[in-house]
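Undergrad: Shown below is the structure under consideration.
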Amino acid sequence: MTRNKLQALLGITAALLGAPDTSFARDVLYQAGDPEIDVYVNIGEPTEINFEGGQIKDGFKNSNAGVAIENKGNALIVFGKSNLENEGAALLVRLEDGRSYPIRIMKSSPENPRDATILIEDGKGPMGAEEEAVPPYKERNYDYAPASKVSGLMREMVLCAEFGKSSIPGYTESDRFKGQTVVSDGAVLAKIDKIFIGSNLWGYVLDTTNLLDQSQKLNPATFRIDGTRAISASTWELAARPLNVEEQIANKHNSKVYIVTRSR
């Protein structure tokens, strides 16, 4: 099943359970080692890329890349130029605190509408301030984002899908489409495991399997649908199809894919 069909099927799911959202502002949860972050632009129109981590130090791009960029401190304003290639333009952005993000600027399409604004976060927040020294004997408590936030819902879905948590406060779990195939392209098979329905956010959990006799990396863009705020996975690299019982038990050919979207 192609990405268009994934979008259509999850769109049908949304239509059955509520009206679709037409907003294209996104939050992207990025972790070190993830693939490039795809950003979709229109030629001559601005797209704002914000960074949760704070101020931008510098960045790198090919001098012939078909994009114009303005640095606004903790955000980039990106314009697609007429010479933007179909494969897009690669950027590397570094922040003052040392974090870096690989970004690929792509032409928008009906399947991948223009991103008006994007917030790139990694759940760590700004790191510019020096952390207060804490005695080694003092107990330290860490607060997590609530499930009403993108990173909080993503964490809660992982706890439910991989660690046996029974429910997410503020969300209704739907099994109506459990087992429904959303991707089947000969290389990857993905089926709906759970759908979490909230007032502002929805969460999808997909069971994903490698159908090839060789390892492969998942492409997050395969799973992006309208209103997507973040995509994550238990692992982005799938082992080859198992050939014996040991490999089957190891389960390295499978992965959970998590998608957070705006409410439908």
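Going by the structure tokens order, chains are called A, B, ..., each with residues numbered from 1, while ligands are numbered from 1 in the order shown.
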At a cut-off of 8 Å, using only C-alpha atoms, what residues contact Leu211 of chain A? Leave out same-chain residues fewer than 2 positions from it and give the result as a ChimeraX atom specification.

TA: /A:186-189,209,213,240-241

Undergrad: Those residues you just picked out, can you put them in a file as a PDB file, in the first residue's frame with N, CA and C atoms?

TA:
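Once everything was written out, this is part32.pdb:
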ATOM      1  N   GLY A 186       5.322  -4.284  -0.233  1.00  0.00           N
ATOM      2  CA  GLY A 186       6.273  -5.323  -0.604  1.00  0.00           C
ATOM      3  C   GLY A 186       7.544  -5.293   0.211  1.00  0.00           C
ATOM      4  N   ALA A 187       7.812  -4.171   0.865  1.00  0.00           N
ATOM      5  CA  ALA A 187       9.001  -4.049   1.700  1.00  0.00           C
ATOM      6  C   ALA A 187       8.626  -3.958   3.176  1.00  0.00           C
ATOM      7  N   VAL A 188       7.539  -3.244   3.455  1.00  0.00           N
ATOM      8  CA  VAL A 188       7.098  -3.028   4.836  1.00  0.00           C
ATOM      9  C   VAL A 188       5.604  -3.316   4.934  1.00  0.00           C
ATOM     10  N   LEU A 189       5.224  -3.957   6.014  1.00  0.00           N
ATOM     11  CA  LEU A 189       3.812  -4.175   6.326  1.00  0.00           C
ATOM     12  C   LEU A 189       3.522  -3.472   7.649  1.00  0.00           C
ATOM     13  N   THR A 209       6.409  -4.432  10.175  1.00  0.00           N
ATOM     14  CA  THR A 209       7.211  -5.639   9.949  1.00  0.00           C
ATOM     15  C   THR A 209       8.004  -5.509   8.657  1.00  0.00           C
ATOM     16  N   ASP A 213      14.392  -9.800   2.803  1.00  0.00           N
ATOM     17  CA  ASP A 213      15.421 -10.700   3.321  1.00  0.00           C
ATOM     18  C   ASP A 213      16.698  -9.955   3.674  1.00  0.00           C
ATOM     19  N   ALA A 240      16.447  -8.251   8.884  1.00  0.00           N
ATOM     20  CA  ALA A 240      15.843  -9.031   7.803  1.00  0.00           C
ATOM     21  C   ALA A 240      14.800  -9.999   8.357  1.00  0.00           C
ATOM     22  N   ARG A 241      13.939 -10.502   7.467  1.00  0.00           N
ATOM     23  CA  ARG A 241      12.944 -11.486   7.885  1.00  0.00           C
ATOM     24  C   ARG A 241      13.628 -12.645   8.605  1.00  0.00           C
TER      25      ARG A 241
END

Undergrad: Using DSSP on the backbone, list every residue of segment 27-231 of chain A that comes out as strand (DSSP E), and give them as a VMD selection string.

TA: chain A and resid 27 to 29 37 to 41 46 to 51 56 to 61 67 to 71 75 to 80 89 to 95 100 to 107 117 to 121 172 to 174 181 to 184 188 to 197 201 to 210 216 to 217 228 to 231

Undergrad: Export, as a PDB file, in the first residue's frame, the selected residues with C-alpha atoms.

TA:
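result14.pdb, freshly written:
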ATOM      1  CA  ASP A  27       5.748  19.638  16.086  1.00  0.00           C
ATOM      2  CA  VAL A  28       8.551  17.175  15.318  1.00  0.00           C
ATOM      3  CA  LEU A  29      10.047  15.078  18.105  1.00  0.00           C
ATOM      4  CA  ILE A  37      13.559  15.907   9.183  1.00  0.00           C
ATOM      5  CA  ASP A  38      11.558  16.551   6.005  1.00  0.00           C
ATOM      6  CA  VAL A  39      10.186  20.090   5.686  1.00  0.00           C
ATOM      7  CA  TYR A  40       7.797  20.834   2.811  1.00  0.00           C
ATOM      8  CA  VAL A  41       7.793  24.288   1.201  1.00  0.00           C
ATOM      9  CA  PRO A  46       7.943  31.338   3.750  1.00  0.00           C
ATOM     10  CA  THR A  47       8.099  28.386   6.115  1.00  0.00           C
ATOM     11  CA  GLU A  48       9.185  28.989   9.719  1.00  0.00           C
ATOM     12  CA  ILE A  49      11.302  26.321  11.448  1.00  0.00           C
ATOM     13  CA  ASN A  50      11.516  26.837  15.229  1.00  0.00           C
ATOM     14  CA  PHE A  51      13.953  25.084  17.564  1.00  0.00           C
ATOM     15  CA  ILE A  56      20.975  28.923  16.380  1.00  0.00           C
ATOM     16  CA  LYS A  57      24.779  29.050  16.208  1.00  0.00           C
ATOM     17  CA  ASP A  58      25.386  28.204  12.569  1.00  0.00           C
ATOM     18  CA  GLY A  59      24.425  25.855   9.789  1.00  0.00           C
ATOM     19  CA  PHE A  60      25.562  24.346   6.528  1.00  0.00           C
ATOM     20  CA  LYS A  61      24.041  23.903   3.093  1.00  0.00           C
ATOM     21  CA  VAL A  67      16.554  27.571  -0.848  1.00  0.00           C
ATOM     22  CA  ALA A  68      16.867  31.023   0.691  1.00  0.00           C
ATOM     23  CA  ILE A  69      17.281  31.132   4.484  1.00  0.00           C
ATOM     24  CA  GLU A  70      16.948  33.888   7.083  1.00  0.00           C
ATOM     25  CA  ASN A  71      18.280  33.270  10.607  1.00  0.00           C
ATOM     26  CA  ALA A  75      14.090  30.110  14.121  1.00  0.00           C
ATOM     27  CA  LEU A  76      14.825  29.842  10.418  1.00  0.00           C
ATOM     28  CA  ILE A  77      12.625  31.382   7.731  1.00  0.00           C
ATOM     29  CA  VAL A  78      13.000  29.206   4.630  1.00  0.00           C
ATOM     30  CA  PHE A  79      11.893  30.089   1.088  1.00  0.00           C
ATOM     31  CA  GLY A  80      11.887  27.543  -1.724  1.00  0.00           C
ATOM     32  CA  ALA A  89      18.062  20.501  -0.317  1.00  0.00           C
ATOM     33  CA  ALA A  90      19.947  19.212   2.733  1.00  0.00           C
ATOM     34  CA  LEU A  91      20.627  21.490   5.717  1.00  0.00           C
ATOM     35  CA  LEU A  92      22.527  20.939   8.961  1.00  0.00           C
ATOM     36  CA  VAL A  93      21.565  23.329  11.764  1.00  0.00           C
ATOM     37  CA  ARG A  94      23.621  23.666  14.963  1.00  0.00           C
ATOM     38  CA  LEU A  95      22.430  25.365  18.140  1.00  0.00           C
ATOM     39  CA  SER A 100      22.436  19.653  15.701  1.00  0.00           C
ATOM     40  CA  TYR A 101      19.574  18.701  13.374  1.00  0.00           C
ATOM     41  CA  PRO A 102      19.701  17.317   9.807  1.00  0.00           C
ATOM     42  CA  ILE A 103      16.904  18.822   7.723  1.00  0.00           C
ATOM     43  CA  ARG A 104      15.841  18.254   4.125  1.00  0.00           C
ATOM     44  CA  ILE A 105      13.802  20.980   2.411  1.00  0.00           C
ATOM     45  CA  MET A 106      11.372  19.373  -0.048  1.00  0.00           C
ATOM     46  CA  LYS A 107       8.849  20.702  -2.553  1.00  0.00           C
ATOM     47  CA  THR A 117       5.453  26.421  10.796  1.00  0.00           C
ATOM     48  CA  ILE A 118       7.393  23.596  12.423  1.00  0.00           C
ATOM     49  CA  LEU A 119       8.647  23.243  15.987  1.00  0.00           C
ATOM     50  CA  ILE A 120      11.585  20.854  16.327  1.00  0.00           C
ATOM     51  CA  GLU A 121      11.963  19.491  19.850  1.00  0.00           C
ATOM     52  CA  THR A 172     -10.272   7.070  24.753  1.00  0.00           C
ATOM     53  CA  GLU A 173      -8.621   3.943  23.339  1.00  0.00           C
ATOM     54  CA  SER A 174     -10.296   2.607  20.191  1.00  0.00           C
ATOM     55  CA  THR A 181      -3.419  -2.754   7.088  1.00  0.00           C
ATOM     56  CA  VAL A 182      -2.253   0.788   6.322  1.00  0.00           C
ATOM     57  CA  VAL A 183       1.038   0.077   4.519  1.00  0.00           C
ATOM     58  CA  SER A 184       1.848  -2.971   2.388  1.00  0.00           C
ATOM     59  CA  VAL A 188       7.098  -3.028   4.836  1.00  0.00           C
ATOM     60  CA  LEU A 189       3.812  -4.175   6.326  1.00  0.00           C
ATOM     61  CA  ALA A 190       2.156  -1.857   8.870  1.00  0.00           C
ATOM     62  CA  LYS A 191      -1.107  -2.499  10.697  1.00  0.00           C
ATOM     63  CA  ILE A 192      -3.049  -0.433  13.229  1.00  0.00           C
ATOM     64  CA  ASP A 193      -2.588  -1.646  16.797  1.00  0.00           C
ATOM     65  CA  LYS A 194      -4.223   1.126  18.837  1.00  0.00           C
ATOM     66  CA  ILE A 195      -5.796   4.556  18.353  1.00  0.00           C
ATOM     67  CA  PHE A 196      -5.953   7.041  21.246  1.00  0.00           C
ATOM     68  CA  ILE A 197      -8.567   9.776  20.840  1.00  0.00           C
ATOM     69  CA  LEU A 201      -4.463  15.268  19.950  1.00  0.00           C
ATOM     70  CA  TRP A 202      -4.838  11.782  18.501  1.00  0.00           C
ATOM     71  CA  GLY A 203      -2.279   8.998  18.753  1.00  0.00           C
ATOM     72  CA  TYR A 204      -1.824   6.061  16.386  1.00  0.00           C
ATOM     73  CA  VAL A 205       0.233   2.954  17.229  1.00  0.00           C
ATOM     74  CA  LEU A 206       1.248   0.808  14.237  1.00  0.00           C
ATOM     75  CA  ASP A 207       2.777  -2.686  14.193  1.00  0.00           C
ATOM     76  CA  THR A 208       5.433  -2.619  11.466  1.00  0.00           C
ATOM     77  CA  THR A 209       7.211  -5.639   9.949  1.00  0.00           C
ATOM     78  CA  ASN A 210      10.102  -6.015   7.489  1.00  0.00           C
ATOM     79  CA  GLN A 216      16.191  -1.763   6.089  1.00  0.00           C
ATOM     80  CA  LYS A 217      15.605   1.612   7.694  1.00  0.00           C
ATOM     81  CA  THR A 228       0.964  15.181  11.953  1.00  0.00           C
ATOM     82  CA  ARG A 229       2.736  16.671  14.980  1.00  0.00           C
ATOM     83  CA  ALA A 230       5.374  13.979  15.607  1.00  0.00           C
ATOM     84  CA  ILE A 231       6.458  10.498  14.520  1.00  0.00           C
TER      85      ILE A 231
END

Undergrad: Among segment 62-226 of chain A, which residues carry a DSSP assignment of helix (DSSP H, G or I), reported as number ranges by chain?

TA: A: 150-163, 220-223

Undergrad: Atoms to include: N, CA and C atoms. Write the selected residues as a short mmCIF file (atom, residue, chain, number, x, y, z; two decimals), in the first residue's frame.

TA:
data_model
loop_
_atom_site.label_atom_id
_atom_site.label_comp_id
_atom_site.auth_asym_id
_atom_site.auth_seq_id
_atom_site.Cartn_x
_atom_site.Cartn_y
_atom_site.Cartn_z
N VAL A 150 2.45 17.04 23.00
CA VAL A 150 2.87 16.06 22.00
C VAL A 150 3.85 15.06 22.60
N SER A 151 4.90 15.56 23.27
CA SER A 151 5.89 14.65 23.83
C SER A 151 5.30 13.79 24.94
N GLY A 152 4.34 14.35 25.70
CA GLY A 152 3.70 13.58 26.76
C GLY A 152 2.85 12.45 26.23
N LEU A 153 2.07 12.71 25.15
CA LEU A 153 1.26 11.66 24.54
C LEU A 153 2.16 10.59 23.94
N MET A 154 3.26 11.01 23.31
CA MET A 154 4.18 10.03 22.73
C MET A 154 4.72 9.09 23.81
N ARG A 155 5.11 9.66 24.94
CA ARG A 155 5.63 8.84 26.04
C ARG A 155 4.56 7.89 26.56
N GLU A 156 3.34 8.38 26.72
CA GLU A 156 2.25 7.55 27.24
C GLU A 156 1.94 6.40 26.28
N MET A 157 1.98 6.64 24.97
CA MET A 157 1.72 5.58 24.00
C MET A 157 2.77 4.48 24.09
N VAL A 158 4.03 4.89 24.28
CA VAL A 158 5.10 3.90 24.42
C VAL A 158 4.87 3.05 25.67
N LEU A 159 4.48 3.71 26.76
CA LEU A 159 4.22 2.97 28.00
C LEU A 159 3.08 1.97 27.82
N CYS A 160 2.06 2.36 27.06
CA CYS A 160 0.92 1.45 26.83
C CYS A 160 1.30 0.31 25.90
N ALA A 161 1.99 0.63 24.80
CA ALA A 161 2.26 -0.37 23.77
C ALA A 161 3.40 -1.31 24.14
N GLU A 162 4.39 -0.82 24.91
CA GLU A 162 5.59 -1.61 25.15
C GLU A 162 5.80 -2.01 26.61
N PHE A 163 5.11 -1.32 27.54
CA PHE A 163 5.35 -1.59 28.95
C PHE A 163 4.08 -1.93 29.72
N PRO A 220 10.38 7.94 8.12
CA PRO A 220 9.23 8.55 8.82
C PRO A 220 8.21 9.16 7.87
N ALA A 221 8.67 9.66 6.70
CA ALA A 221 7.74 10.29 5.77
C ALA A 221 6.68 9.31 5.28
N THR A 222 6.98 8.02 5.31
CA THR A 222 6.00 7.01 4.89
C THR A 222 4.74 7.07 5.73
N PHE A 223 4.90 7.49 6.98
CA PHE A 223 3.79 7.43 7.93
C PHE A 223 3.18 8.81 8.23
#

Undergrad: Report, in Å to a single decimal, how far apart atom CA of Ile168 of chain A and atom CA of Ile249 of chain A are.

TA: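 Between these atoms lies a distance of 28.9 Å.
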
Undergrad: Point out the residue among A:Pro35, A:Gly170, A:Gly88, A:Gly73 with the least atom-to-atom distance to Ser108 of chain A, counting only C-alpha atoms.

TA: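 For Ser108 of chain A, the nearest of the given residues is A:Gly88.
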
Undergrad: Restricting the calculation to only C-alpha atoms, which member of A:Leu212, A:Pro169, A:Ile225, A:Glu45 is positioned closest to Leu243 of chain A?

TA: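 Among A:Leu212, A:Pro169, A:Ile225, A:Glu45, it is A:Leu212 that comes nearest to Leu243 of chain A.
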
Undergrad: So, with only C-alpha atoms as the atoms that count, which of A:Glu246, A:Glu96, A:Asp122, A:Asp185 lies closest to Ala32 of chain A?

TA: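 Of the candidates, the smallest distance to Ala32 of chain A is held by A:Asp122.
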
Undergrad: Kindly indicate which residue among A:Gly54, A:Gly164, A:Gly44, A:Pro242 lies nearest to Arg99 of chain A, using only C-alpha atoms for the distances.

TA: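 Of all the options, A:Gly54 lies closest to Arg99 of chain A.
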
Undergrad: Applying 9 Å and only C-alpha atoms, which residues near Ser232 of chain A remain after dropping the ones on its own chain fewer than 5 positions away? List them as a VMD selection string.

TA: chain A and resid 29 to 31 34 154 220 256 to 260

Undergrad: What is the distance between atom CA of Ser148 of chain A and atom CA of Ala25 of chain A, in Å to one decimal?

TA: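 Separation of atom CA of Ser148 of chain A and atom CA of Ala25 of chain A: 16.7 Å.
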